[in-house]
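*Asks:* The following block contains the structure, expressed as structure tokens.
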Amino acid sequence: MKNKKIISIGVLLSLFMMMRACGQMTTLVSVKDEQGNPIEGAEVEFLYARPQGYESVKKTTNHNGVVKDTGKTNFHLNVYVEKKGFYQATYAKSNKGTNLEKNKNHDLTVTLKKEVNPIGLFAKKWRLFSPSLGEKIGYDFEVGDWVRPHGVGNAADIFFEVHFDIRDRSDYDYSLNVTFPNSLDGLQDFEGLETSALRSDHKAPNEGYLATWKQTTQRRPGETKKGNRDPSRNYWLRVRSKADEEGNLISAHYVKIYGDFPDIQYYFNPTPNDRNLEFDPQKNLFKNLPYDQKVNQP
């Protein structure tokens with residue numbers, strides 16, 4: 001019994017010493033705008049994770065847009081960069097690929113995106129689980145629901161058709177087919193800037209939209225799950241498109257989606273031909289959304 005207590009105390013002491021182990025790191029931060037020009041006067045906050053909390057050090061970039069700090073952390077370092085008129089950039093443990101580990105020096109080049117023209121949009125988080133398998137069902141971005149009779153949506157902006165052949169929890173085939181009602185509607189994926197509060201460009205692109213998109217997932221006994229779903233994927237959409245007699249685009253609405261289907265965060269611009277999708281979180285055109293559907297990201 002005494003031996004067990006001694007071993008337990010030894011393990012706890014070892015864990016305690018590991019927690020107390022403090023690693024020194026030097027972090028160089030270069031702050032630039034989207035054109036690659038240095039940004040002077042940006043505030044950079046270094047947050048060193050300690051057992052008792054975070055130690056904060058704030059510094060300002062010089063005329064070359066550079067700042068450096070050396071500190072100690074027991075776990076990791078978070079870095080926040082901001083300047084008036086720009087969107088904040090974040091390097092934190094919770095952000096994919098931005099974990100700044102201890103006992104390592106880091107050289108960061110941080111891009112700050114400028115605030116250009118934030119506007120009110122229909123923006124919400126939504127889990128697009130199809131209410132009926134094997135059926136093509138429309139979703140209304142402006143209303144924020146499936147079209148009738150599956151919801152209260154009035155007109156389909158996009159169609160989803162889900163097929164799910166499940167034989168066992170470890171043996172199934174899943175596919176999601178995305179199509180559109182109009183000939184010039186479509187979508188295209190894009191890679192967002194994960195460190196920026198504004199992950200996307202300010203405006204949706206003019207061209208490059210695909211009329212169809214297919215997402216698949218499959219699993220077999222004893223094998224890992226395979227498929228093309230990527231939670232870090234984002235999309236631009238062109239919907240409600242209208243064409244002239246020669247098939248040229250004359251009118252459309254634009255949508256931005258953060259995340260991959262079915263778990264998405266979308267932004268719909270209700271103004272025809274306005275490709276601006278830079279969202280002002282204080283001007284959501286959806287009112288009284290449930291907490292889990294609210295959007296705070298531009």
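Labels used: A, B, ... for chains in the order of the structure tokens, numbers from 1 for residues in each chain, and numbers from 1 for ligands as shown.
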Just want the 8 Å neighbourhood of Ala197 in chain A, counted on only C-alpha atoms, with same-chain residues fewer than 4 positions away dropped. Output as a PDB file with N, CA, C and O atoms, in the first residue's frame.
*Replies:*
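In the end it all went to out37.pdb:
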ATOM      1  N   TYR A  87      -8.708  44.072 -40.222  1.00  0.00           N
ATOM      2  CA  TYR A  87      -9.257  42.950 -39.481  1.00  0.00           C
ATOM      3  C   TYR A  87      -8.167  42.276 -38.665  1.00  0.00           C
ATOM      4  O   TYR A  87      -7.034  42.122 -39.128  1.00  0.00           O
ATOM      5  N   GLN A  88      -8.525  41.874 -37.459  1.00  0.00           N
ATOM      6  CA  GLN A  88      -7.566  41.240 -36.554  1.00  0.00           C
ATOM      7  C   GLN A  88      -7.055  39.919 -37.124  1.00  0.00           C
ATOM      8  O   GLN A  88      -7.796  39.173 -37.759  1.00  0.00           O
ATOM      9  N   ALA A  89      -5.776  39.643 -36.877  1.00  0.00           N
ATOM     10  CA  ALA A  89      -5.185  38.350 -37.219  1.00  0.00           C
ATOM     11  C   ALA A  89      -4.865  37.618 -35.924  1.00  0.00           C
ATOM     12  O   ALA A  89      -4.448  38.230 -34.937  1.00  0.00           O
ATOM     13  N   THR A  90      -5.069  36.308 -35.922  1.00  0.00           N
ATOM     14  CA  THR A  90      -4.920  35.505 -34.708  1.00  0.00           C
ATOM     15  C   THR A  90      -4.084  34.264 -34.972  1.00  0.00           C
ATOM     16  O   THR A  90      -4.352  33.521 -35.920  1.00  0.00           O
ATOM     17  N   GLN A 297     -18.604  36.594 -37.336  1.00  0.00           N
ATOM     18  CA  GLN A 297     -17.404  36.692 -38.151  1.00  0.00           C
ATOM     19  C   GLN A 297     -17.727  37.383 -39.472  1.00  0.00           C
ATOM     20  O   GLN A 297     -18.731  37.085 -40.103  1.00  0.00           O
ATOM     21  N   PRO A 298     -16.867  38.347 -39.914  1.00  0.00           N
ATOM     22  CA  PRO A 298     -17.158  39.058 -41.158  1.00  0.00           C
ATOM     23  C   PRO A 298     -16.986  38.188 -42.387  1.00  0.00           C
ATOM     24  O   PRO A 298     -16.407  37.114 -42.319  1.00  0.00           O
TER      25      PRO A 298
END
*Asks:* List every residue of range 85-256 of chain A that DSSP, applied to the backbone of this structure, assigns to strand (DSSP E), and report them as number ranges by chain.
*Replies:* A: 89-91, 100-101, 106-111, 122-127, 137-140, 145-146, 158-168, 171-179, 186-191, 213-219, 226-227, 233-243, 249-256
*Asks:* Quick one: write out the picked residues with C-alpha atoms as a PDB file, in the first residue's frame?
*Replies:*
ATOM      1  CA  ALA A  89      -5.185  38.350 -37.219  1.00  0.00           C
ATOM      2  CA  THR A  90      -4.920  35.505 -34.708  1.00  0.00           C
ATOM      3  CA  TYR A  91      -2.324  32.810 -34.123  1.00  0.00           C
ATOM      4  CA  LEU A 100       3.144  28.323 -31.563  1.00  0.00           C
ATOM      5  CA  GLU A 101       4.871  25.670 -29.464  1.00  0.00           C
ATOM      6  CA  HIS A 106       9.040  31.544 -34.633  1.00  0.00           C
ATOM      7  CA  ASP A 107       9.203  33.880 -37.617  1.00  0.00           C
ATOM      8  CA  LEU A 108       5.693  35.010 -38.605  1.00  0.00           C
ATOM      9  CA  THR A 109       4.605  37.002 -41.609  1.00  0.00           C
ATOM     10  CA  VAL A 110       1.121  38.269 -40.791  1.00  0.00           C
ATOM     11  CA  THR A 111      -1.283  39.631 -43.395  1.00  0.00           C
ATOM     12  CA  PHE A 122     -28.393  37.558 -44.384  1.00  0.00           C
ATOM     13  CA  ALA A 123     -25.897  35.506 -42.351  1.00  0.00           C
ATOM     14  CA  LYS A 124     -26.425  32.389 -40.281  1.00  0.00           C
ATOM     15  CA  LYS A 125     -24.934  29.079 -39.218  1.00  0.00           C
ATOM     16  CA  TRP A 126     -26.841  26.075 -40.514  1.00  0.00           C
ATOM     17  CA  ARG A 127     -26.559  22.308 -40.546  1.00  0.00           C
ATOM     18  CA  ILE A 137     -34.629  19.543 -52.119  1.00  0.00           C
ATOM     19  CA  GLY A 138     -34.218  23.290 -52.448  1.00  0.00           C
ATOM     20  CA  TYR A 139     -32.898  25.754 -49.882  1.00  0.00           C
ATOM     21  CA  ASP A 140     -33.803  29.451 -49.706  1.00  0.00           C
ATOM     22  CA  ASP A 145     -34.870  27.342 -44.581  1.00  0.00           C
ATOM     23  CA  TRP A 146     -35.721  24.470 -46.903  1.00  0.00           C
ATOM     24  CA  ILE A 158     -29.682  25.699 -54.485  1.00  0.00           C
ATOM     25  CA  PHE A 159     -30.600  21.991 -54.578  1.00  0.00           C
ATOM     26  CA  PHE A 160     -29.239  19.234 -52.345  1.00  0.00           C
ATOM     27  CA  GLU A 161     -29.713  15.527 -53.010  1.00  0.00           C
ATOM     28  CA  VAL A 162     -28.393  13.080 -50.419  1.00  0.00           C
ATOM     29  CA  HIS A 163     -27.883   9.353 -50.830  1.00  0.00           C
ATOM     30  CA  PHE A 164     -26.889   7.315 -47.792  1.00  0.00           C
ATOM     31  CA  ASP A 165     -26.452   3.552 -48.077  1.00  0.00           C
ATOM     32  CA  ILE A 166     -25.580   2.356 -44.583  1.00  0.00           C
ATOM     33  CA  ARG A 167     -25.010  -1.327 -43.969  1.00  0.00           C
ATOM     34  CA  ASP A 168     -23.228  -0.906 -40.642  1.00  0.00           C
ATOM     35  CA  ASP A 171     -19.694   0.079 -43.713  1.00  0.00           C
ATOM     36  CA  TYR A 172     -21.514   2.788 -45.643  1.00  0.00           C
ATOM     37  CA  ASP A 173     -21.583   5.029 -48.721  1.00  0.00           C
ATOM     38  CA  TYR A 174     -22.663   8.655 -48.580  1.00  0.00           C
ATOM     39  CA  SER A 175     -22.990  11.214 -51.365  1.00  0.00           C
ATOM     40  CA  LEU A 176     -24.237  14.784 -51.538  1.00  0.00           C
ATOM     41  CA  ASN A 177     -25.081  16.195 -54.971  1.00  0.00           C
ATOM     42  CA  VAL A 178     -25.278  19.983 -55.226  1.00  0.00           C
ATOM     43  CA  THR A 179     -27.056  21.518 -58.234  1.00  0.00           C
ATOM     44  CA  GLY A 186     -22.948  27.705 -59.597  1.00  0.00           C
ATOM     45  CA  LEU A 187     -20.281  27.496 -56.952  1.00  0.00           C
ATOM     46  CA  GLN A 188     -16.518  27.418 -56.583  1.00  0.00           C
ATOM     47  CA  ASP A 189     -14.413  26.565 -53.580  1.00  0.00           C
ATOM     48  CA  PHE A 190     -11.688  28.749 -52.138  1.00  0.00           C
ATOM     49  CA  GLU A 191      -9.003  28.550 -49.481  1.00  0.00           C
ATOM     50  CA  TRP A 213     -20.644  19.729 -57.014  1.00  0.00           C
ATOM     51  CA  LYS A 214     -20.442  16.279 -55.459  1.00  0.00           C
ATOM     52  CA  GLN A 215     -19.295  15.336 -51.996  1.00  0.00           C
ATOM     53  CA  THR A 216     -18.672  11.687 -51.129  1.00  0.00           C
ATOM     54  CA  THR A 217     -17.755   9.700 -48.048  1.00  0.00           C
ATOM     55  CA  GLN A 218     -17.308   5.953 -47.769  1.00  0.00           C
ATOM     56  CA  ARG A 219     -16.145   3.490 -45.187  1.00  0.00           C
ATOM     57  CA  LYS A 226     -12.441   8.108 -47.206  1.00  0.00           C
ATOM     58  CA  GLY A 227     -13.981  11.060 -49.010  1.00  0.00           C
ATOM     59  CA  ARG A 233     -13.103  24.350 -47.441  1.00  0.00           C
ATOM     60  CA  ASN A 234     -15.109  27.490 -48.286  1.00  0.00           C
ATOM     61  CA  TYR A 235     -17.345  28.413 -51.217  1.00  0.00           C
ATOM     62  CA  TRP A 236     -18.496  31.294 -53.386  1.00  0.00           C
ATOM     63  CA  LEU A 237     -21.975  30.882 -54.906  1.00  0.00           C
ATOM     64  CA  ARG A 238     -23.819  32.635 -57.694  1.00  0.00           C
ATOM     65  CA  VAL A 239     -27.588  32.146 -57.485  1.00  0.00           C
ATOM     66  CA  ARG A 240     -30.842  33.566 -58.908  1.00  0.00           C
ATOM     67  CA  SER A 241     -28.981  34.217 -62.151  1.00  0.00           C
ATOM     68  CA  LYS A 242     -30.760  35.626 -65.185  1.00  0.00           C
ATOM     69  CA  ALA A 243     -29.480  35.599 -68.760  1.00  0.00           C
ATOM     70  CA  LEU A 249     -25.436  37.034 -67.502  1.00  0.00           C
ATOM     71  CA  ILE A 250     -27.528  40.106 -66.744  1.00  0.00           C
ATOM     72  CA  SER A 251     -28.389  39.594 -63.075  1.00  0.00           C
ATOM     73  CA  ALA A 252     -27.416  37.398 -60.117  1.00  0.00           C
ATOM     74  CA  HIS A 253     -27.095  37.239 -56.341  1.00  0.00           C
ATOM     75  CA  TYR A 254     -23.941  36.174 -54.520  1.00  0.00           C
ATOM     76  CA  VAL A 255     -23.304  34.017 -51.465  1.00  0.00           C
ATOM     77  CA  LYS A 256     -20.267  33.220 -49.346  1.00  0.00           C
TER      78      LYS A 256
END
*Asks:* What is the distance, in Å and to one decimal place, between CA of Pro205 in chain A and CA of Gln282 in chain A?
*Replies:*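 Computing it gives 24.7 Å between the two atoms.
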*Asks:* Rounded to one decimal in Å, what is the spacing between CA of Val81 in chain A and CA of Val31 in chain A?
*Replies:*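 If I compute the distance from CA of Val81 in chain A to CA of Val31 in chain A, I get 8.2 Å.
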*Asks:* Grab the CA of Glu207 in chain A to CA of Asn276 in chain A distance for me, in Å with one decimal place.
*Replies:* 14.6 Å
*Asks:* Considering only C-alpha atoms, can you say which of A:Phe279, A:Tyr80, A:Tyr291, A:Tyr209 comes closest to Phe46 in chain A?
*Replies:* A:Tyr80
*Asks:* Find the residue from A:Asn273, A:Asn37, A:Asn105, A:Asn206 that sits nearest to Gly23 in chain A; use only C-alpha atoms when measuring.
*Replies:*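 When distances to Gly23 in chain A are compared using only C-alpha atoms, the smallest one comes from A:Asn105.
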*Asks:* What's the 8 Å shell around Ser232 in chain A, counting only C-alpha atoms, without same-chain residues fewer than 5 positions away, as a PDB file with C-alpha atoms, in the first residue's frame?
*Replies:*
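Contents of selection33.pdb, as written:
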ATOM      1  CA  GLU A 191      -9.003  28.550 -49.481  1.00  0.00           C
ATOM      2  CA  GLY A 192      -9.579  31.048 -46.715  1.00  0.00           C
ATOM      3  CA  TYR A 258     -17.419  29.231 -44.633  1.00  0.00           C
ATOM      4  CA  GLY A 259     -17.005  25.497 -44.003  1.00  0.00           C
ATOM      5  CA  ASP A 260     -17.992  22.409 -45.952  1.00  0.00           C
TER       6      ASP A 260
END
*Asks:* If you run DSSP on the backbone here, which positions in range 2-186 of chain A get helix (DSSP H, G or I)? Please write them as a ChimeraX atom specification.
*Replies:* /A:2-20
*Asks:* Check the smallest atom-to-atom distance from each of A:His150, A:Asn99, A:Pro181, A:Gly144 to Gln293 in chain A using only C-alpha atoms, then report the winner.
*Replies:*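 Of the candidates, the smallest distance to Gln293 in chain A is held by A:Gly144.
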*Asks:* Determine, counting only C-alpha atoms, which protein, DNA and RNA residues have an atom within 12 Å of an atom of range 25-27 of chain A; residues of the same chain fewer than 2 positions away are not included. Present the result as number ranges by chain.
*Replies:* A: 22-23, 29-30, 44-48, 57, 59, 66-79, 91, 100-109
*Asks:* Store the residues picked out above, limited to C-alpha atoms, as a PDB file, in the first residue's frame.
*Replies:*
ATOM      1  CA  CYS A  22       9.154  26.716 -18.905  1.00  0.00           C
ATOM      2  CA  GLY A  23      10.445  27.018 -22.458  1.00  0.00           C
ATOM      3  CA  VAL A  29       6.436  39.184 -36.374  1.00  0.00           C
ATOM      4  CA  SER A  30       6.330  40.968 -39.742  1.00  0.00           C
ATOM      5  CA  VAL A  44       0.959  42.863 -31.482  1.00  0.00           C
ATOM      6  CA  GLU A  45      -0.038  41.059 -28.295  1.00  0.00           C
ATOM      7  CA  PHE A  46       2.068  38.091 -27.181  1.00  0.00           C
ATOM      8  CA  LEU A  47       0.187  35.817 -24.763  1.00  0.00           C
ATOM      9  CA  TYR A  48       2.420  33.301 -23.004  1.00  0.00           C
ATOM     10  CA  VAL A  57       3.098  41.517 -23.610  1.00  0.00           C
ATOM     11  CA  LYS A  59       4.307  45.837 -28.586  1.00  0.00           C
ATOM     12  CA  VAL A  66       8.330  44.358 -37.623  1.00  0.00           C
ATOM     13  CA  VAL A  67       8.291  43.604 -33.912  1.00  0.00           C
ATOM     14  CA  LYS A  68      10.077  40.976 -31.795  1.00  0.00           C
ATOM     15  CA  ASP A  69       9.643  39.547 -28.329  1.00  0.00           C
ATOM     16  CA  THR A  70      11.365  36.937 -26.201  1.00  0.00           C
ATOM     17  CA  GLY A  71       9.463  35.254 -23.421  1.00  0.00           C
ATOM     18  CA  LYS A  72       8.834  32.029 -21.575  1.00  0.00           C
ATOM     19  CA  THR A  73       5.844  29.721 -21.716  1.00  0.00           C
ATOM     20  CA  ASN A  74       4.904  26.415 -20.137  1.00  0.00           C
ATOM     21  CA  PHE A  75       2.621  25.408 -22.980  1.00  0.00           C
ATOM     22  CA  HIS A  76       2.323  27.609 -26.067  1.00  0.00           C
ATOM     23  CA  LEU A  77       2.168  31.178 -27.332  1.00  0.00           C
ATOM     24  CA  ASN A  78      -0.826  33.049 -28.763  1.00  0.00           C
ATOM     25  CA  VAL A  79      -0.298  36.099 -30.965  1.00  0.00           C
ATOM     26  CA  TYR A  91      -2.324  32.810 -34.123  1.00  0.00           C
ATOM     27  CA  LEU A 100       3.144  28.323 -31.563  1.00  0.00           C
ATOM     28  CA  GLU A 101       4.871  25.670 -29.464  1.00  0.00           C
ATOM     29  CA  LYS A 102       7.320  26.330 -26.656  1.00  0.00           C
ATOM     30  CA  ASN A 103      11.070  25.729 -26.971  1.00  0.00           C
ATOM     31  CA  LYS A 104      10.940  26.945 -30.562  1.00  0.00           C
ATOM     32  CA  ASN A 105      11.650  30.293 -32.171  1.00  0.00           C
ATOM     33  CA  HIS A 106       9.040  31.544 -34.633  1.00  0.00           C
ATOM     34  CA  ASP A 107       9.203  33.880 -37.617  1.00  0.00           C
ATOM     35  CA  LEU A 108       5.693  35.010 -38.605  1.00  0.00           C
ATOM     36  CA  THR A 109       4.605  37.002 -41.609  1.00  0.00           C
TER      37      THR A 109
END
*Asks:* For Glu194 in chain A, which residue among A:Lys58, A:Lys114, A:Thr271, A:Pro231 is the nearest when counting only C-alpha atoms?
*Replies:*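 Nearest candidate to Glu194 in chain A out of A:Lys58, A:Lys114, A:Thr271, A:Pro231: A:Pro231.
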